[in-house]
$ cat model08.txt   # compact mmCIF, C-alpha atoms
# COMPACT_ATOMS: atom_id res chain seq x y z
CA MET A 1 4.54 -4.35 -0.27
CA ARG A 2 2.00 -6.20 1.84
CA SER A 3 2.40 -3.53 4.55
CA LEU A 4 1.42 -0.87 2.02
CA PHE A 5 -1.80 -2.72 1.20
CA VAL A 6 -2.58 -3.21 4.89
CA LEU A 7 -2.00 0.49 5.55
CA LEU A 8 -4.18 1.45 2.58
CA GLY A 9 -6.90 -0.89 3.83
CA VAL A 10 -6.81 0.65 7.29
CA LEU A 11 -6.97 4.16 5.85
CA LEU A 12 -9.87 3.25 3.60
CA ALA A 13 -11.76 1.66 6.47
CA THR A 14 -11.53 4.64 8.81
CA PRO A 15 -14.84 6.34 9.58
CA THR A 16 -13.47 9.68 8.39
CA PHE A 17 -12.73 8.34 4.93
CA ALA A 18 -15.91 6.30 4.72
CA ALA A 19 -18.10 9.29 5.56
CA GLU A 20 -19.65 11.15 2.68
CA GLY A 21 -17.61 14.24 1.88
CA ALA A 22 -14.48 12.84 3.54
CA SER A 23 -11.71 15.35 3.88
CA GLY A 24 -8.32 15.99 5.31
CA LEU A 25 -4.86 14.66 4.86
CA VAL A 26 -5.91 11.07 4.12
CA SER A 27 -8.26 12.12 1.32
CA GLY A 28 -5.61 14.43 -0.11
CA LEU A 29 -3.03 11.66 -0.06
CA LEU A 30 -5.34 9.10 -1.62
CA HIS A 31 -6.94 11.22 -4.35
CA PRO A 32 -3.95 11.31 -6.74
CA ILE A 33 -3.14 7.67 -6.04
CA LEU A 34 -6.67 6.29 -6.45
CA GLY A 35 -7.54 8.62 -9.33
CA PHE A 36 -6.11 6.59 -12.19
CA ASP A 37 -5.84 9.58 -14.53
CA HIS A 38 -3.86 11.55 -11.95
CA LEU A 39 -1.69 8.55 -11.10
CA MET A 40 -0.83 7.91 -14.76
CA ALA A 41 0.00 11.53 -15.54
CA MET A 42 2.17 12.07 -12.47
CA VAL A 43 4.13 8.85 -12.88
CA GLY A 44 4.44 9.75 -16.57
CA VAL A 45 5.98 13.13 -15.74
CA GLY A 46 8.60 11.32 -13.66
CA LEU A 47 9.34 8.96 -16.54
CA LEU A 48 9.56 11.83 -19.01
CA SER A 49 11.92 13.73 -16.74
CA VAL A 50 14.36 10.81 -16.68
CA GLN A 51 14.14 10.53 -20.44
CA ILE A 52 15.10 14.20 -20.84
CA GLY A 53 17.79 13.79 -18.19
CA HIS A 54 20.20 16.08 -16.35
CA LYS A 55 18.67 18.65 -14.01
CA HIS A 56 15.27 18.05 -15.61
CA ILE A 57 14.94 14.81 -13.66
CA TRP A 58 13.95 16.93 -10.66
CA THR A 59 12.95 20.26 -12.18
CA LEU A 60 10.26 18.90 -14.53
CA PRO A 61 8.35 17.20 -11.66
CA ALA A 62 8.88 20.34 -9.55
CA CYS A 63 7.34 22.36 -12.40
CA PHE A 64 4.32 20.06 -12.33
CA VAL A 65 3.89 20.47 -8.57
CA LEU A 66 4.22 24.26 -8.81
CA PHE A 67 1.59 24.54 -11.54
CA LEU A 68 -0.55 21.94 -9.76
CA MET A 69 -0.65 24.37 -6.85
CA ILE A 70 -1.55 27.27 -9.17
CA GLY A 71 -4.36 25.21 -10.68
CA GLY A 72 -5.49 24.24 -7.18
CA ILE A 73 -5.73 27.91 -6.24
CA LEU A 74 -7.78 28.62 -9.39
CA GLY A 75 -10.11 25.77 -8.44
CA LEU A 76 -10.32 26.95 -4.85
CA LEU A 77 -11.27 30.42 -6.06
CA GLU A 78 -13.85 28.73 -8.33
CA ILE A 79 -12.36 30.32 -11.44
CA PRO A 80 -13.74 28.15 -14.24
CA LEU A 81 -11.49 26.46 -16.75
CA PRO A 82 -12.81 24.79 -19.90
CA GLN A 83 -12.77 21.03 -20.41
CA VAL A 84 -10.98 20.15 -17.16
CA GLU A 85 -11.73 16.41 -17.28
CA GLY A 86 -11.01 16.24 -21.01
CA LEU A 87 -7.64 17.91 -20.58
CA ILE A 88 -6.76 15.68 -17.64
CA ALA A 89 -7.44 12.67 -19.88
CA ALA A 90 -5.49 14.36 -22.69
CA SER A 91 -2.54 14.78 -20.31
CA VAL A 92 -2.20 11.00 -20.02
CA PHE A 93 -2.32 10.69 -23.82
CA VAL A 94 0.17 13.49 -24.57
CA ILE A 95 2.65 12.58 -21.82
CA GLY A 96 2.46 8.97 -23.03
CA LEU A 97 3.25 10.11 -26.59
CA ALA A 98 6.16 12.19 -25.28
CA ILE A 99 7.57 9.14 -23.50
CA ALA A 100 6.98 6.95 -26.56
CA SER A 101 8.99 9.41 -28.65
CA SER A 102 12.12 8.16 -26.84
CA GLY A 103 13.81 11.48 -26.37
CA THR A 104 12.57 13.58 -29.26
CA VAL A 105 10.52 15.72 -26.87
CA GLY A 106 13.06 17.96 -25.22
CA ALA A 107 12.87 20.26 -22.24
CA THR A 108 11.75 23.24 -24.32
CA LEU A 109 8.52 21.44 -25.21
CA ALA A 110 8.12 19.34 -22.05
CA TYR A 111 7.90 22.22 -19.57
CA PRO A 112 4.95 24.04 -21.19
CA ILE A 113 3.14 20.73 -21.72
CA VAL A 114 3.62 19.72 -18.09
CA ALA A 115 2.72 23.19 -16.78
CA VAL A 116 -0.55 23.42 -18.72
CA PHE A 117 -1.69 19.93 -17.78
CA ALA A 118 -0.70 20.45 -14.13
CA ILE A 119 -2.99 23.48 -13.97
CA PHE A 120 -5.94 21.32 -14.98
CA HIS A 121 -5.01 18.53 -12.57
CA GLY A 122 -4.68 21.11 -9.80
CA HIS A 123 -7.97 22.76 -10.74
CA ALA A 124 -9.78 19.45 -10.33
CA HIS A 125 -8.26 19.07 -6.86
CA GLY A 126 -8.91 22.69 -5.95
CA MET A 127 -12.60 22.50 -6.83
CA GLU A 128 -13.00 19.90 -4.07
CA VAL A 129 -11.35 22.00 -1.35
CA PRO A 130 -14.25 24.34 -0.43
CA THR A 131 -16.49 21.39 0.46
CA LEU A 132 -14.01 19.80 2.86
CA ASP A 133 -13.79 19.94 6.64
CA ASN A 134 -9.98 20.11 6.61
CA PRO A 135 -8.88 21.85 3.39
CA THR A 136 -5.31 22.47 4.58
CA GLY A 137 -4.74 18.77 5.23
CA TYR A 138 -6.25 17.90 1.86
CA VAL A 139 -4.00 20.35 -0.01
CA ILE A 140 -0.90 19.10 1.82
CA GLY A 141 -1.96 15.51 1.10
CA PHE A 142 -2.48 15.91 -2.63
CA MET A 143 0.74 17.91 -3.04
CA VAL A 144 2.77 15.28 -1.15
CA ALA A 145 1.12 12.38 -2.99
CA SER A 146 1.76 14.09 -6.33
CA ALA A 147 5.45 14.51 -5.51
CA VAL A 148 5.69 10.88 -4.38
CA LEU A 149 4.12 9.72 -7.66
CA HIS A 150 6.67 11.79 -9.60
CA ILE A 151 9.45 10.14 -7.61
CA ALA A 152 7.93 6.73 -8.41
CA GLY A 153 7.99 7.68 -12.09
CA VAL A 154 11.64 8.71 -11.81
CA GLY A 155 12.38 5.35 -10.20
CA ILE A 156 10.60 3.50 -13.00
CA GLY A 157 12.51 5.64 -15.49
CA TYR A 158 15.81 4.49 -14.02
CA ILE A 159 14.70 0.86 -14.08
CA VAL A 160 13.47 1.02 -17.68
CA LYS A 161 16.66 1.97 -19.46
CA SER A 162 16.14 0.73 -23.01
CA ALA A 163 14.48 2.95 -25.58
CA SER A 164 12.23 0.10 -26.75
CA ASN A 165 10.90 -0.43 -23.22
CA ARG A 166 10.28 3.32 -22.81
CA THR A 167 8.53 3.38 -26.17
CA SER A 168 6.34 0.48 -25.07
CA LEU A 169 5.50 2.15 -21.75
CA GLY A 170 4.76 5.46 -23.44
CA SER A 171 2.66 3.83 -26.14
CA GLY A 172 0.65 1.93 -23.55
CA MET A 173 0.13 5.11 -21.56
CA ALA A 174 -0.94 7.00 -24.69
CA GLY A 175 -3.41 4.22 -25.50
CA ILE A 176 -4.88 4.44 -22.01
CA GLY A 177 -5.05 8.23 -22.36
CA LEU A 178 -6.85 7.95 -25.68
CA TYR A 179 -9.36 5.58 -24.13
CA MET A 180 -9.85 8.04 -21.23
CA ILE A 181 -10.52 10.84 -23.72
CA LEU A 182 -13.10 8.72 -25.54
CA LEU A 183 -14.75 7.84 -22.21
CA THR A 184 -14.77 11.47 -21.07
CA TYR A 185 -16.66 12.54 -24.17
CA GLY A 186 -18.98 9.53 -24.22
CA ILE A 187 -17.61 8.10 -27.45
CA VAL A 188 -17.12 4.64 -25.96
$ encode --input "model08.txt" --output "structure tokens"
Amino acid sequence: MRSLFVLLGVLLATPTFAAEGASGLVSGLLHPILGFDHLMAMVGVGLLSVQIGHKHIWTLPACFVLFLMIGGILGLLEIPLPQVEGLIAASVFVIGLAIASSGTVGATLAYPIVAVFAIFHGHAHGMEVPTLDNPTGYVIGFMVASAVLHIAGVGIGYIVKSASNRTSLGSGMAGIGLYMILLTYGIV
């Protein structure tokens, strides 16, 4: 664990990252991890996939990554979407509620929810691409980091086996998401 923090410190201290408008693979890798809203949603998708179970453990996160890419392309093409930041915050809230439901949200509902929210997460990433020196590295970085965060969520899902613990995690995530929504719209 300490090695991870040392590596993160070295990456953050590099002149490329410290420069205004930093780009490339490192920025792409760090954006989903350091963006708390992205981190919460992607780990949440992994947790939700374990809760649904079976093949969905891997196909639900794959769905997110696919639609993340589609959203990224929309952002890259500068096709506007309404309320991007609000819907990113809402994704944390809704995915948290789905986890808190302890299995009542099935695959039929989870896939469209994940797909829609992934488009908005991807759009936010894609809007940054045209301003970067190394857009290919950035795209690869945020796609890889997103997949890694899903895998982390799957791992947490396997560790947290009891329904009461999942409900607690989901409720906490939903509370954080609600707070993010209120912040996004200047209510708090």
$ residues_around --input "model08.txt" --residues "segment 39-55 of chain A" --least-positions-apart "6" --cutoff "8 Å" --atoms "all atoms listed in the file" --output "PDB file with C-alpha atoms, in the frame of the given file"
ATOM      1  CA  PRO A  32      -3.950  11.310  -6.740  1.00  0.00           C
ATOM      2  CA  ILE A  33      -3.140   7.670  -6.040  1.00  0.00           C
ATOM      3  CA  PRO A  61       8.350  17.200 -11.660  1.00  0.00           C
ATOM      4  CA  PHE A  64       4.320  20.060 -12.330  1.00  0.00           C
ATOM      5  CA  SER A  91      -2.540  14.780 -20.310  1.00  0.00           C
ATOM      6  CA  VAL A  92      -2.200  11.000 -20.020  1.00  0.00           C
ATOM      7  CA  ILE A  95       2.650  12.580 -21.820  1.00  0.00           C
ATOM      8  CA  GLY A  96       2.460   8.970 -23.030  1.00  0.00           C
ATOM      9  CA  ALA A  98       6.160  12.190 -25.280  1.00  0.00           C
ATOM     10  CA  ILE A  99       7.570   9.140 -23.500  1.00  0.00           C
ATOM     11  CA  SER A 102      12.120   8.160 -26.840  1.00  0.00           C
ATOM     12  CA  GLY A 103      13.810  11.480 -26.370  1.00  0.00           C
ATOM     13  CA  VAL A 105      10.520  15.720 -26.870  1.00  0.00           C
ATOM     14  CA  GLY A 106      13.060  17.960 -25.220  1.00  0.00           C
ATOM     15  CA  ALA A 107      12.870  20.260 -22.240  1.00  0.00           C
ATOM     16  CA  VAL A 114       3.620  19.720 -18.090  1.00  0.00           C
ATOM     17  CA  SER A 146       1.760  14.090  -6.330  1.00  0.00           C
ATOM     18  CA  LEU A 149       4.120   9.720  -7.660  1.00  0.00           C
ATOM     19  CA  HIS A 150       6.670  11.790  -9.600  1.00  0.00           C
ATOM     20  CA  ILE A 151       9.450  10.140  -7.610  1.00  0.00           C
ATOM     21  CA  ALA A 152       7.930   6.730  -8.410  1.00  0.00           C
ATOM     22  CA  GLY A 153       7.990   7.680 -12.090  1.00  0.00           C
ATOM     23  CA  VAL A 154      11.640   8.710 -11.810  1.00  0.00           C
ATOM     24  CA  GLY A 155      12.380   5.350 -10.200  1.00  0.00           C
ATOM     25  CA  ILE A 156      10.600   3.500 -13.000  1.00  0.00           C
ATOM     26  CA  GLY A 157      12.510   5.640 -15.490  1.00  0.00           C
ATOM     27  CA  TYR A 158      15.810   4.490 -14.020  1.00  0.00           C
ATOM     28  CA  MET A 173       0.130   5.110 -21.560  1.00  0.00           C
TER      29      MET A 173
END
$ closest_residue --input "model08.txt" --among "A:Val188, A:Ala115, A:Ala100, A:Leu29" --to "Ala147 of chain A" --atoms "only C-alpha atoms"
A:Leu29
$ atom_distance --input "model08.txt" --atom1 "atom CA of Tyr179 of chain A" --atom2 "atom CA of Asp37 of chain A"
11.0 Å
$ closest_residue --input "model08.txt" --among "A:Trp58, A:Ala163, A:Met143, A:Gly175" --to "His31 of chain A" --atoms "all atoms listed in the file"
A:Met143
$ atom_distance --input "model08.txt" --atom1 "atom CA of Ala89 of chain A" --atom2 "atom CA of Gly35 of chain A"
11.3 Å
$ atom_distance --input "model08.txt" --atom1 "atom CA of Met180 of chain A" --atom2 "atom CA of Val84 of chain A"
12.8 Å
$ closest_residue --input "model08.txt" --among "A:Leu30, A:Leu87, A:Ile113, A:Cys63" --to "Tyr138 of chain A" --atoms "all atoms listed in the file"
A:Leu30
$ closest_residue --input "model08.txt" --among "A:Leu25, A:Pro82, A:Phe120, A:Leu77" --to "His38 of chain A" --atoms "only C-alpha atoms"
A:Phe120
$ residues_around --input "model08.txt" --residues "Gly71 of chain A" --least-positions-apart "3" --cutoff "10 Å" --atoms "only C-alpha atoms" --output "short mmCIF file (atom, residue, chain, number, x, y, z; two decimals) with C-alpha atoms, keeping the file's coordinate frame"
data_model
loop_
_atom_site.label_atom_id
_atom_site.label_comp_id
_atom_site.auth_asym_id
_atom_site.auth_seq_id
_atom_site.Cartn_x
_atom_site.Cartn_y
_atom_site.Cartn_z
CA VAL A 65 3.89 20.47 -8.57
CA LEU A 66 4.22 24.26 -8.81
CA PHE A 67 1.59 24.54 -11.54
CA LEU A 68 -0.55 21.94 -9.76
CA LEU A 74 -7.78 28.62 -9.39
CA GLY A 75 -10.11 25.77 -8.44
CA LEU A 76 -10.32 26.95 -4.85
CA LEU A 77 -11.27 30.42 -6.06
CA ILE A 79 -12.36 30.32 -11.44
CA LEU A 81 -11.49 26.46 -16.75
CA ALA A 115 2.72 23.19 -16.78
CA VAL A 116 -0.55 23.42 -18.72
CA PHE A 117 -1.69 19.93 -17.78
CA ALA A 118 -0.70 20.45 -14.13
CA ILE A 119 -2.99 23.48 -13.97
CA PHE A 120 -5.94 21.32 -14.98
CA HIS A 121 -5.01 18.53 -12.57
CA GLY A 122 -4.68 21.11 -9.80
CA HIS A 123 -7.97 22.76 -10.74
CA ALA A 124 -9.78 19.45 -10.33
CA HIS A 125 -8.26 19.07 -6.86
CA GLY A 126 -8.91 22.69 -5.95
CA MET A 127 -12.60 22.50 -6.83
#
$ decode --input "model08.txt" --residues "segment 42-175 of chain A" --atoms "C-alpha atoms" --output "tab-separated table (two decimals), in the first residue's frame"
chain	number	residue	atom	x	y	z
A	42	MET	CA	-17.13	3.23	-10.94
A	43	VAL	CA	-16.50	1.36	-7.72
A	44	GLY	CA	-20.26	1.37	-7.20
A	45	VAL	CA	-20.85	-0.28	-10.58
A	46	GLY	CA	-18.46	-3.05	-9.55
A	47	LEU	CA	-20.33	-3.51	-6.26
A	48	LEU	CA	-23.69	-3.55	-8.03
A	49	SER	CA	-22.45	-6.12	-10.52
A	50	VAL	CA	-21.52	-8.52	-7.73
A	51	GLN	CA	-24.88	-7.97	-6.10
A	52	ILE	CA	-26.68	-8.93	-9.33
A	53	GLY	CA	-24.28	-11.84	-9.80
A	54	HIS	CA	-23.60	-14.43	-12.49
A	55	LYS	CA	-22.25	-13.14	-15.81
A	56	HIS	CA	-23.25	-9.60	-14.81
A	57	ILE	CA	-20.23	-9.41	-12.52
A	58	TRP	CA	-18.15	-8.71	-15.62
A	59	THR	CA	-20.70	-7.62	-18.22
A	60	LEU	CA	-22.17	-4.72	-16.21
A	61	PRO	CA	-18.74	-3.05	-15.75
A	62	ALA	CA	-17.97	-3.79	-19.42
A	63	CYS	CA	-21.23	-2.03	-20.33
A	64	PHE	CA	-20.10	1.00	-18.34
A	65	VAL	CA	-16.72	1.08	-20.11
A	66	LEU	CA	-18.36	0.74	-23.53
A	67	PHE	CA	-20.79	3.59	-22.91
A	68	LEU	CA	-18.02	5.60	-21.24
A	69	MET	CA	-16.20	5.41	-24.56
A	70	ILE	CA	-19.35	6.48	-26.46
A	71	GLY	CA	-19.78	9.43	-24.11
A	72	GLY	CA	-16.10	10.26	-24.53
A	73	ILE	CA	-16.55	10.38	-28.29
A	74	LEU	CA	-19.56	12.69	-27.89
A	75	GLY	CA	-17.47	14.96	-25.69
A	76	LEU	CA	-14.55	14.84	-28.10
A	77	LEU	CA	-16.87	15.85	-30.93
A	78	GLU	CA	-18.15	18.64	-28.64
A	79	ILE	CA	-21.74	17.41	-28.92
A	80	PRO	CA	-23.43	19.06	-25.95
A	81	LEU	CA	-25.31	17.05	-23.37
A	82	PRO	CA	-27.52	18.66	-20.72
A	83	GLN	CA	-26.63	18.71	-17.04
A	84	VAL	CA	-23.42	16.66	-17.32
A	85	GLU	CA	-22.12	17.46	-13.83
A	86	GLY	CA	-25.56	17.07	-12.29
A	87	LEU	CA	-26.03	13.65	-13.85
A	88	ILE	CA	-22.56	12.55	-12.81
A	89	ALA	CA	-23.49	13.46	-9.22
A	90	ALA	CA	-26.86	11.73	-9.69
A	91	SER	CA	-25.04	8.59	-10.82
A	92	VAL	CA	-23.41	8.27	-7.39
A	93	PHE	CA	-26.81	8.72	-5.73
A	94	VAL	CA	-28.72	6.28	-7.95
A	95	ILE	CA	-26.03	3.58	-8.00
A	96	GLY	CA	-25.82	3.91	-4.21
A	97	LEU	CA	-29.59	3.42	-3.94
A	98	ALA	CA	-29.37	0.39	-6.23
A	99	ILE	CA	-26.71	-1.14	-3.98
A	100	ALA	CA	-28.70	-0.26	-0.85
A	101	SER	CA	-31.70	-2.11	-2.29
A	102	SER	CA	-29.80	-5.37	-1.66
A	103	GLY	CA	-30.71	-7.13	-4.84
A	104	THR	CA	-34.06	-5.67	-5.81
A	105	VAL	CA	-32.47	-3.86	-8.75
A	106	GLY	CA	-31.96	-6.56	-11.33
A	107	ALA	CA	-30.02	-6.66	-14.56
A	108	THR	CA	-32.95	-5.39	-16.63
A	109	LEU	CA	-32.87	-2.08	-14.77
A	110	ALA	CA	-29.14	-1.93	-13.98
A	111	TYR	CA	-27.87	-1.96	-17.57
A	112	PRO	CA	-29.82	1.09	-18.80
A	113	ILE	CA	-28.96	2.99	-15.60
A	114	VAL	CA	-25.26	2.20	-15.96
A	115	ALA	CA	-25.25	2.94	-19.71
A	116	VAL	CA	-26.87	6.36	-19.35
A	117	PHE	CA	-24.64	7.46	-16.50
A	118	ALA	CA	-21.52	6.14	-18.26
A	119	ILE	CA	-22.30	8.38	-21.24
A	120	PHE	CA	-22.23	11.43	-18.99
A	121	HIS	CA	-19.03	10.33	-17.23
A	122	GLY	CA	-17.44	9.72	-20.63
A	123	HIS	CA	-18.66	13.06	-21.96
A	124	ALA	CA	-16.93	14.87	-19.11
A	125	HIS	CA	-13.69	13.05	-19.94
A	126	GLY	CA	-14.11	13.58	-23.67
A	127	MET	CA	-14.58	17.34	-23.33
A	128	GLU	CA	-11.04	17.53	-21.94
A	129	VAL	CA	-9.41	15.62	-24.81
A	130	PRO	CA	-9.19	18.40	-27.45
A	131	THR	CA	-7.11	20.58	-25.12
A	132	LEU	CA	-4.50	17.92	-24.41
A	133	ASP	CA	-1.06	17.37	-25.91
A	134	ASN	CA	-1.44	13.57	-25.89
A	135	PRO	CA	-5.15	12.75	-26.29
A	136	THR	CA	-4.55	9.08	-27.15
A	137	GLY	CA	-2.64	8.49	-23.91
A	138	TYR	CA	-5.33	10.30	-21.94
A	139	VAL	CA	-8.13	8.19	-23.44
A	140	ILE	CA	-6.22	4.97	-22.82
A	141	GLY	CA	-5.49	6.12	-19.26
A	142	PHE	CA	-9.06	6.97	-18.30
A	143	MET	CA	-10.42	3.77	-19.87
A	144	VAL	CA	-7.86	1.61	-18.02
A	145	ALA	CA	-8.38	3.46	-14.72
A	146	SER	CA	-12.14	3.08	-15.08
A	147	ALA	CA	-11.83	-0.67	-15.61
A	148	VAL	CA	-9.47	-0.96	-12.63
A	149	LEU	CA	-11.97	0.91	-10.43
A	150	HIS	CA	-14.71	-1.49	-11.54
A	151	ILE	CA	-12.49	-4.41	-10.60
A	152	ALA	CA	-11.86	-2.80	-7.21
A	153	GLY	CA	-15.63	-2.54	-6.75
A	154	VAL	CA	-16.02	-6.21	-7.66
A	155	GLY	CA	-13.36	-7.06	-5.08
A	156	ILE	CA	-15.14	-5.02	-2.42
A	157	GLY	CA	-18.39	-6.72	-3.42
A	158	TYR	CA	-16.85	-10.12	-2.75
A	159	ILE	CA	-15.49	-8.97	0.61
A	160	VAL	CA	-18.80	-7.44	1.72
A	161	LYS	CA	-21.04	-10.46	1.61
A	162	SER	CA	-23.84	-9.62	4.04
A	163	ALA	CA	-26.91	-7.77	2.83
A	164	SER	CA	-26.78	-5.40	5.81
A	165	ASN	CA	-23.21	-4.37	4.96
A	166	ARG	CA	-24.15	-3.83	1.30
A	167	THR	CA	-27.15	-1.79	2.40
A	168	SER	CA	-24.90	0.33	4.60
A	169	LEU	CA	-22.37	0.85	1.80
A	170	GLY	CA	-25.09	1.70	-0.70
A	171	SER	CA	-26.84	4.05	1.71
A	172	GLY	CA	-23.58	5.84	2.45
A	173	MET	CA	-22.86	6.15	-1.25
A	174	ALA	CA	-26.37	7.46	-1.92
A	175	GLY	CA	-25.92	10.03	0.86
